[in-house]
Amino acid sequence: MKRLVLIVLSFLLLTAFGLAQKSRMDVVMERGKLICGVNGKAPGFGYVDEKTGKYMGFDVDFCRAVSAALFDDPDRVEYVPLTAKARFNAIQTGEVDVVFRNTTITTSRDGSVGVDFLPVNFYDGQGVMVKKELGVKSVYELEGATVCTNQGTTTEKNWTDFVRSQGWKGNKLLTFESFDKVFNAFMSGRCDAVTTDKSGLVGWKAKAPDPEALVILPETLSKEPLAGFTFQNDSRWRDALTWIVYATIQAEEFGITQKNLDEFLKSDKPAIRRFLGLEGTLGKGLGLPNDFVARVIRHVGNYGEIYDRHLGPNSPFFIPRKGSLNDLYTRGGLMYSPPFR
């Protein structure tokens, strides 16, 4: 009897250990769809299109890229809208598989929140926006002002640090759970200024009834490298996600687009053939289909195509890329992929 109990206990322990070691990659593949956390109210980055009712945006396309790589279908995604306050908990509890939601990498988040970050997909910085009628030309003119932002963000802490560093007295900070509430408070006059990442300010300004009545002040208060994130200590899943993001950047560097992909699939250049999965086993080594890069490009496009689609000059939320940190490193930016080899 004692031996039987030991056998049963051993079996249970081994089963529990096996479940604990199961990668999220296996869970997603068995489920047949990706569950992706996004911002449902960030113009240009993650929002629900009023006409189609579908999620759209720069970050949303990275969810679609993962789905394309895994399933050869960019639409096998269930989107979960997350507030800034809830985004990390959604990974910790397993509610979502990955989050692409304009989130800044910081030391404390990487070290103590229980998530692992993916490569930076957008370099940003915190800014401040005011109404033109206020007559303010610089952030340094806001002593004593009431400023609005959203809870659980780096912007909240950055503004507090900025006010403290200036030695200002009488400033007030109002915080709200979601940025649409922040913006409504700003527009209704509850605060003199609103602060968040400059990309966010551009989007919200574009959506305002009278965009010309709003002014984004020139100063940048912080570094805000934005990236997706997923479970801590699941290297198989994190590695796959990491190289899917890098694939979009490397594709742009190679000049491979949705339109010319078929021509590149005929290439005899070793680097191109390896990148597109025509030879070698790079995909297999990541637990992905060997042609995962070609799938991503065909269904979603390269990094430049994703950027232009949602943030380019023909979008409502134009954020110039040329000469910015978000340009390729070959053009003076910071977008750089390690070698696919």
# chains A, B, ... in the order shown; residues from 1 in each chain; ligands from 1

$ residues_around --residues "range 70-81 of chain A" --least-positions-apart "3" --cutoff "9 Å" --atoms "only C-alpha atoms" --output "tab-separated table (two decimals) with N, CA and C atoms, in the first residue's frame"
chain	number	residue	atom	x	y	z
A	28	VAL	N	-1.10	27.92	-26.93
A	28	VAL	CA	-1.65	28.71	-28.04
A	28	VAL	C	-1.91	27.83	-29.25
A	29	MET	N	-0.95	26.97	-29.58
A	29	MET	CA	-1.09	26.12	-30.75
A	29	MET	C	-2.25	25.12	-30.57
A	32	GLY	N	-5.50	27.01	-30.94
A	32	GLY	CA	-5.77	27.39	-32.32
A	32	GLY	C	-6.01	28.86	-32.55
A	33	LYS	N	-5.72	29.67	-31.54
A	33	LYS	CA	-5.82	31.12	-31.70
A	33	LYS	C	-4.96	31.80	-30.64
A	34	LEU	N	-4.61	33.05	-30.91
A	34	LEU	CA	-3.82	33.87	-30.00
A	34	LEU	C	-4.75	34.78	-29.21
A	35	ILE	N	-4.51	34.91	-27.91
A	35	ILE	CA	-5.24	35.88	-27.11
A	35	ILE	C	-4.26	37.02	-26.80
A	36	CYS	N	-4.55	38.19	-27.34
A	36	CYS	CA	-3.59	39.29	-27.31
A	36	CYS	C	-4.17	40.49	-26.56
A	37	GLY	N	-3.45	40.97	-25.57
A	37	GLY	CA	-3.85	42.16	-24.83
A	37	GLY	C	-3.45	43.42	-25.57
A	38	VAL	N	-4.36	44.36	-25.70
A	38	VAL	CA	-4.11	45.60	-26.45
A	38	VAL	C	-4.74	46.77	-25.70
A	39	ASN	N	-4.47	47.96	-26.20
A	39	ASN	CA	-5.14	49.16	-25.73
A	39	ASN	C	-6.30	49.42	-26.69
A	40	GLY	N	-7.50	49.39	-26.20
A	40	GLY	CA	-8.64	49.56	-27.08
A	40	GLY	C	-9.01	51.00	-27.37
A	41	LYS	N	-8.24	51.96	-26.78
A	41	LYS	CA	-8.62	53.37	-26.91
A	41	LYS	C	-7.44	54.28	-27.20
A	46	GLY	N	-3.90	51.20	-30.83
A	46	GLY	CA	-4.83	50.12	-30.55
A	46	GLY	C	-6.20	50.68	-30.25
A	47	TYR	N	-7.12	50.50	-31.17
A	47	TYR	CA	-8.45	51.07	-31.01
A	47	TYR	C	-9.44	50.28	-31.87
A	55	TYR	N	-10.57	45.69	-34.27
A	55	TYR	CA	-9.39	46.30	-33.66
A	55	TYR	C	-8.39	46.66	-34.74
A	60	VAL	N	-1.74	46.54	-32.67
A	60	VAL	CA	-2.62	45.45	-33.08
A	60	VAL	C	-1.99	44.64	-34.21
A	61	ASP	N	-1.27	45.32	-35.10
A	61	ASP	CA	-0.63	44.60	-36.20
A	61	ASP	C	0.46	43.65	-35.72
A	63	CYS	N	0.12	41.85	-32.97
A	63	CYS	CA	-0.69	40.67	-32.62
A	63	CYS	C	-0.97	39.86	-33.88
A	64	ARG	N	-1.34	40.56	-34.95
A	64	ARG	CA	-1.66	39.92	-36.22
A	64	ARG	C	-0.42	39.23	-36.80
A	65	ALA	N	0.75	39.83	-36.59
A	65	ALA	CA	1.99	39.23	-37.09
A	65	ALA	C	2.27	37.90	-36.39
A	66	VAL	N	2.03	37.86	-35.08
A	66	VAL	CA	2.22	36.61	-34.33
A	66	VAL	C	1.25	35.54	-34.84
A	67	SER	N	0.00	35.91	-35.02
A	67	SER	CA	-0.99	34.97	-35.54
A	67	SER	C	-0.60	34.47	-36.93
A	87	ARG	N	-2.82	45.77	-17.25
A	87	ARG	CA	-2.07	45.07	-18.31
A	87	ARG	C	-1.09	44.02	-17.77
A	95	GLU	N	-4.47	35.52	-18.37
A	95	GLU	CA	-5.67	35.92	-19.12
A	95	GLU	C	-5.35	36.10	-20.60
A	96	VAL	N	-4.15	36.55	-20.91
A	96	VAL	CA	-3.73	36.74	-22.30
A	96	VAL	C	-2.39	36.05	-22.52
A	288	LEU	N	8.86	27.42	-34.52
A	288	LEU	CA	7.95	28.05	-35.48
A	288	LEU	C	8.05	27.33	-36.83
A	289	PRO	N	7.05	27.52	-37.69
A	289	PRO	CA	7.19	27.00	-39.06
A	289	PRO	C	8.40	27.63	-39.72
A	292	PHE	N	7.98	31.12	-41.28
A	292	PHE	CA	7.22	32.06	-40.46
A	292	PHE	C	7.44	33.51	-40.89
A	295	ARG	N	5.34	34.29	-43.92
A	295	ARG	CA	3.94	34.40	-43.52
A	295	ARG	C	3.65	35.80	-42.97
A	296	VAL	N	4.55	36.28	-42.10
A	296	VAL	CA	4.36	37.60	-41.50
A	296	VAL	C	4.34	38.69	-42.56
A	299	HIS	N	1.10	38.53	-44.88
A	299	HIS	CA	-0.18	38.89	-44.27
A	299	HIS	C	-0.18	40.27	-43.61
A	300	VAL	N	0.97	40.72	-43.11
A	300	VAL	CA	1.00	41.96	-42.32
A	300	VAL	C	1.96	43.01	-42.89

$ residues_around --residues "Cys191 in chain A" --least-positions-apart "6" --cutoff "10 Å" --atoms "only C-alpha atoms" --output "ChimeraX atom specification"
/A:130,145-149,172-174,182-185

$ write_last_selection --atoms "N, CA and C atoms" --output "tab-separated table (two decimals), in the first residue's frame"
chain	number	residue	atom	x	y	z
A	130	VAL	N	-1.45	71.36	-24.17
A	130	VAL	CA	-2.31	72.38	-23.56
A	130	VAL	C	-3.25	72.94	-24.62
A	145	ALA	N	0.16	74.52	-12.11
A	145	ALA	CA	-0.91	74.01	-12.98
A	145	ALA	C	-1.45	72.68	-12.48
A	146	THR	N	-2.67	72.39	-12.91
A	146	THR	CA	-3.26	71.07	-12.69
A	146	THR	C	-3.10	70.27	-13.97
A	147	VAL	N	-2.52	69.09	-13.85
A	147	VAL	CA	-2.21	68.25	-15.01
A	147	VAL	C	-2.91	66.92	-14.87
A	148	CYS	N	-3.43	66.41	-15.98
A	148	CYS	CA	-4.12	65.11	-15.99
A	148	CYS	C	-3.28	64.05	-16.70
A	149	THR	N	-3.34	62.84	-16.19
A	149	THR	CA	-2.75	61.68	-16.88
A	149	THR	C	-3.46	60.43	-16.38
A	172	LYS	N	-1.00	70.31	-9.09
A	172	LYS	CA	-1.88	69.19	-8.80
A	172	LYS	C	-1.84	68.18	-9.95
A	173	LEU	N	-1.96	66.91	-9.62
A	173	LEU	CA	-1.98	65.85	-10.62
A	173	LEU	C	-3.26	65.06	-10.46
A	174	LEU	N	-4.09	65.04	-11.49
A	174	LEU	CA	-5.31	64.24	-11.49
A	174	LEU	C	-5.08	63.01	-12.36
A	182	VAL	N	-9.10	60.71	-19.13
A	182	VAL	CA	-8.10	61.77	-18.98
A	182	VAL	C	-8.38	62.90	-19.96
A	183	PHE	N	-8.58	62.52	-21.21
A	183	PHE	CA	-8.77	63.52	-22.26
A	183	PHE	C	-10.08	64.29	-22.07
A	184	ASN	N	-11.11	63.59	-21.64
A	184	ASN	CA	-12.39	64.26	-21.38
A	184	ASN	C	-12.26	65.27	-20.25
A	185	ALA	N	-11.50	64.91	-19.22
A	185	ALA	CA	-11.27	65.84	-18.11
A	185	ALA	C	-10.51	67.07	-18.58

$ select_by_dssp --residues "range 89-292 of chain A" --states "strand (DSSP E or B)" --output "PyMOL selection string"
chain A and resi 98-99+104+115-124+126-131+146-150+172-176+193-197+214-216+224-231

$ write_last_selection --atoms "N, CA and C atoms" --output "compact mmCIF listing (two decimals), in the first residue's frame"
# COMPACT_ATOMS: atom_id res chain seq x y z
N VAL A 98 0.06 37.36 -24.71
CA VAL A 98 1.06 38.39 -24.93
C VAL A 98 0.33 39.73 -24.91
N VAL A 99 1.05 40.78 -24.58
CA VAL A 99 0.47 42.12 -24.59
C VAL A 99 1.29 43.01 -25.51
N THR A 104 6.14 51.04 -21.64
CA THR A 104 7.55 51.40 -21.53
C THR A 104 8.34 50.35 -20.75
N VAL A 115 7.12 39.89 -15.70
CA VAL A 115 6.95 39.74 -17.14
C VAL A 115 8.32 39.83 -17.80
N ASP A 116 8.40 39.35 -19.04
CA ASP A 116 9.59 39.52 -19.86
C ASP A 116 9.22 40.38 -21.06
N PHE A 117 10.06 41.38 -21.36
CA PHE A 117 9.78 42.28 -22.47
C PHE A 117 10.34 41.74 -23.78
N LEU A 118 9.69 42.15 -24.86
CA LEU A 118 10.11 41.83 -26.22
C LEU A 118 10.91 43.00 -26.77
N PRO A 119 11.41 42.93 -28.00
CA PRO A 119 12.18 44.06 -28.54
C PRO A 119 11.34 45.34 -28.63
N VAL A 120 11.99 46.47 -28.48
CA VAL A 120 11.32 47.76 -28.62
C VAL A 120 10.75 47.87 -30.04
N ASN A 121 9.46 48.22 -30.14
CA ASN A 121 8.90 48.43 -31.47
C ASN A 121 8.52 49.89 -31.73
N PHE A 122 8.71 50.74 -30.70
CA PHE A 122 8.48 52.17 -30.91
C PHE A 122 9.22 52.96 -29.83
N TYR A 123 10.05 53.91 -30.27
CA TYR A 123 10.77 54.78 -29.34
C TYR A 123 9.98 56.07 -29.18
N ASP A 124 9.63 56.36 -27.93
CA ASP A 124 8.77 57.50 -27.66
C ASP A 124 9.37 58.34 -26.53
N GLN A 126 7.88 61.31 -23.28
CA GLN A 126 6.71 61.96 -22.68
C GLN A 126 6.63 63.43 -23.05
N GLY A 127 5.42 63.85 -23.38
CA GLY A 127 5.19 65.25 -23.71
C GLY A 127 4.01 65.81 -22.94
N VAL A 128 3.72 67.06 -23.19
CA VAL A 128 2.61 67.76 -22.53
C VAL A 128 1.81 68.53 -23.58
N MET A 129 0.50 68.49 -23.46
CA MET A 129 -0.36 69.22 -24.38
C MET A 129 -1.26 70.18 -23.61
N VAL A 130 -1.45 71.36 -24.17
CA VAL A 130 -2.31 72.38 -23.56
C VAL A 130 -3.25 72.94 -24.62
N LYS A 131 -4.23 73.70 -24.17
CA LYS A 131 -5.09 74.42 -25.10
C LYS A 131 -4.38 75.70 -25.52
N THR A 146 -2.67 72.39 -12.91
CA THR A 146 -3.26 71.07 -12.69
C THR A 146 -3.10 70.27 -13.97
N VAL A 147 -2.52 69.09 -13.85
CA VAL A 147 -2.21 68.25 -15.01
C VAL A 147 -2.91 66.92 -14.87
N CYS A 148 -3.43 66.41 -15.98
CA CYS A 148 -4.12 65.11 -15.99
C CYS A 148 -3.28 64.05 -16.70
N THR A 149 -3.34 62.84 -16.19
CA THR A 149 -2.75 61.68 -16.88
C THR A 149 -3.46 60.43 -16.38
N ASN A 150 -3.01 59.25 -16.86
CA ASN A 150 -3.69 58.03 -16.43
C ASN A 150 -2.88 57.25 -15.41
N LYS A 172 -1.00 70.31 -9.09
CA LYS A 172 -1.88 69.19 -8.80
C LYS A 172 -1.84 68.18 -9.95
N LEU A 173 -1.96 66.91 -9.62
CA LEU A 173 -1.98 65.85 -10.62
C LEU A 173 -3.26 65.06 -10.46
N LEU A 174 -4.09 65.04 -11.49
CA LEU A 174 -5.31 64.24 -11.49
C LEU A 174 -5.08 63.01 -12.36
N THR A 175 -5.41 61.83 -11.85
CA THR A 175 -5.21 60.60 -12.62
C THR A 175 -6.52 59.86 -12.81
N PHE A 176 -6.62 59.17 -13.94
CA PHE A 176 -7.81 58.42 -14.29
C PHE A 176 -7.40 57.06 -14.83
N ALA A 193 -3.45 71.06 -18.37
CA ALA A 193 -2.61 70.35 -19.35
C ALA A 193 -2.80 68.86 -19.20
N VAL A 194 -2.40 68.12 -20.22
CA VAL A 194 -2.47 66.67 -20.20
C VAL A 194 -1.11 66.14 -20.60
N THR A 195 -0.66 65.06 -19.96
CA THR A 195 0.66 64.52 -20.27
C THR A 195 0.60 63.01 -20.48
N THR A 196 1.28 62.56 -21.51
CA THR A 196 1.47 61.14 -21.82
C THR A 196 2.56 61.06 -22.88
N ASP A 197 2.78 59.88 -23.45
CA ASP A 197 3.76 59.76 -24.53
C ASP A 197 3.36 60.69 -25.68
N LEU A 214 -5.38 72.88 -29.93
CA LEU A 214 -4.49 72.20 -28.98
C LEU A 214 -3.04 72.32 -29.43
N VAL A 215 -2.15 72.42 -28.46
CA VAL A 215 -0.72 72.60 -28.74
C VAL A 215 0.09 71.57 -27.95
N ILE A 216 0.92 70.80 -28.64
CA ILE A 216 1.86 69.91 -27.96
C ILE A 216 3.14 70.69 -27.72
N GLU A 224 10.92 56.80 -23.45
CA GLU A 224 9.82 55.83 -23.35
C GLU A 224 9.96 54.78 -24.46
N PRO A 225 10.87 53.82 -24.29
CA PRO A 225 10.96 52.73 -25.28
C PRO A 225 9.80 51.75 -25.08
N LEU A 226 8.93 51.65 -26.08
CA LEU A 226 7.72 50.85 -25.95
C LEU A 226 7.91 49.46 -26.53
N ALA A 227 7.37 48.46 -25.85
CA ALA A 227 7.56 47.07 -26.29
C ALA A 227 6.42 46.19 -25.80
N GLY A 228 6.23 45.08 -26.49
CA GLY A 228 5.31 44.06 -26.00
C GLY A 228 5.94 43.31 -24.85
N PHE A 229 5.14 42.50 -24.16
CA PHE A 229 5.69 41.69 -23.07
C PHE A 229 4.87 40.43 -22.89
N THR A 230 5.49 39.45 -22.25
CA THR A 230 4.83 38.16 -22.04
C THR A 230 5.33 37.54 -20.75
N PHE A 231 5.12 36.25 -20.58
CA PHE A 231 5.42 35.57 -19.33
C PHE A 231 6.91 35.52 -19.02

$ atom_distance --atom1 "CA of Thr93 in chain A" --atom2 "CA of Val27 in chain A"
14.4 Å

$ residues_around --residues "Ile256 in chain A" --least-positions-apart "5" --cutoff "8 Å" --atoms "only C-alpha atoms" --output "PyMOL selection string"
chain A and resi 251+261+264+297+302

$ write_last_selection --atoms "N, CA and C atoms" --output "JSON list (two decimals), in the first residue's frame"
[["chain", "number", "residue", "atom", "x", "y", "z"],
["A", 251, "ALA", "N", 12.95, 42.54, -42.46],
["A", 251, "ALA", "CA", 12.30, 42.55, -43.77],
["A", 251, "ALA", "C", 12.39, 43.94, -44.41],
["A", 261, "LEU", "N", 7.18, 40.24, -52.18],
["A", 261, "LEU", "CA", 7.60, 39.01, -51.49],
["A", 261, "LEU", "C", 7.81, 37.86, -52.46],
["A", 264, "PHE", "N", 11.13, 37.94, -54.10],
["A", 264, "PHE", "CA", 12.22, 37.59, -53.20],
["A", 264, "PHE", "C", 12.25, 36.09, -52.91],
["A", 297, "ILE", "N", 5.30, 38.64, -43.47],
["A", 297, "ILE", "CA", 5.38, 39.66, -44.52],
["A", 297, "ILE", "C", 4.16, 39.60, -45.42],
["A", 302, "ASN", "N", 6.21, 44.47, -43.62],
["A", 302, "ASN", "CA", 7.41, 44.75, -42.84],
["A", 302, "ASN", "C", 7.16, 45.91, -41.87]]

$ atom_distance --atom1 "CA of Pro43 in chain A" --atom2 "CA of Arg238 in chain A"
27.0 Å

$ select_by_dssp --residues "range 20-239 of chain A" --states "helix (DSSP H, G or I)" --output "PyMOL selection string"
chain A and resi 20-21+24-31+58-71+87-92+107-112+132-134+139-141+154-166+179-187+198-207+211-213+235-239

$ atom_distance --atom1 "CA of Thr248 in chain A" --atom2 "CA of Gly94 in chain A"
26.3 Å

$ residues_around --residues "Glu253 in chain A" --least-positions-apart "4" --cutoff "12 Å" --atoms "only C-alpha atoms" --output "ChimeraX atom specification"
/A:246-249,257,272,275,302-305,327-331,335-339

$ residues_around --residues "Glu143 in chain A" --least-positions-apart "5" --cutoff "10 Å" --atoms "only C-alpha atoms" --output "ChimeraX atom specification"
/A:163,166-172

$ residues_around --residues "range 209-212 of chain A" --least-positions-apart "3" --cutoff "10 Å" --atoms "only C-alpha atoms" --output "ChimeraX atom specification"
/A:131-132,187,202,204-206,215

$ write_last_selection --atoms "C-alpha atoms" --output "mmCIF file, in the first residue's frame"
data_model
loop_
_atom_site.group_PDB
_atom_site.id
_atom_site.type_symbol
_atom_site.label_atom_id
_atom_site.label_comp_id
_atom_site.auth_asym_id
_atom_site.auth_seq_id
_atom_site.Cartn_x
_atom_site.Cartn_y
_atom_site.Cartn_z
ATOM 1 C CA LYS A 131 -5.088 74.423 -25.099
ATOM 2 C CA LYS A 132 -3.803 77.215 -27.311
ATOM 3 C CA MET A 187 -11.238 69.092 -22.614
ATOM 4 C CA VAL A 202 -0.592 63.254 -31.472
ATOM 5 C CA TRP A 204 -5.683 62.362 -29.217
ATOM 6 C CA LYS A 205 -5.086 65.782 -30.745
ATOM 7 C CA ALA A 206 -6.098 64.403 -34.154
ATOM 8 C CA VAL A 215 -0.716 72.597 -28.739
#
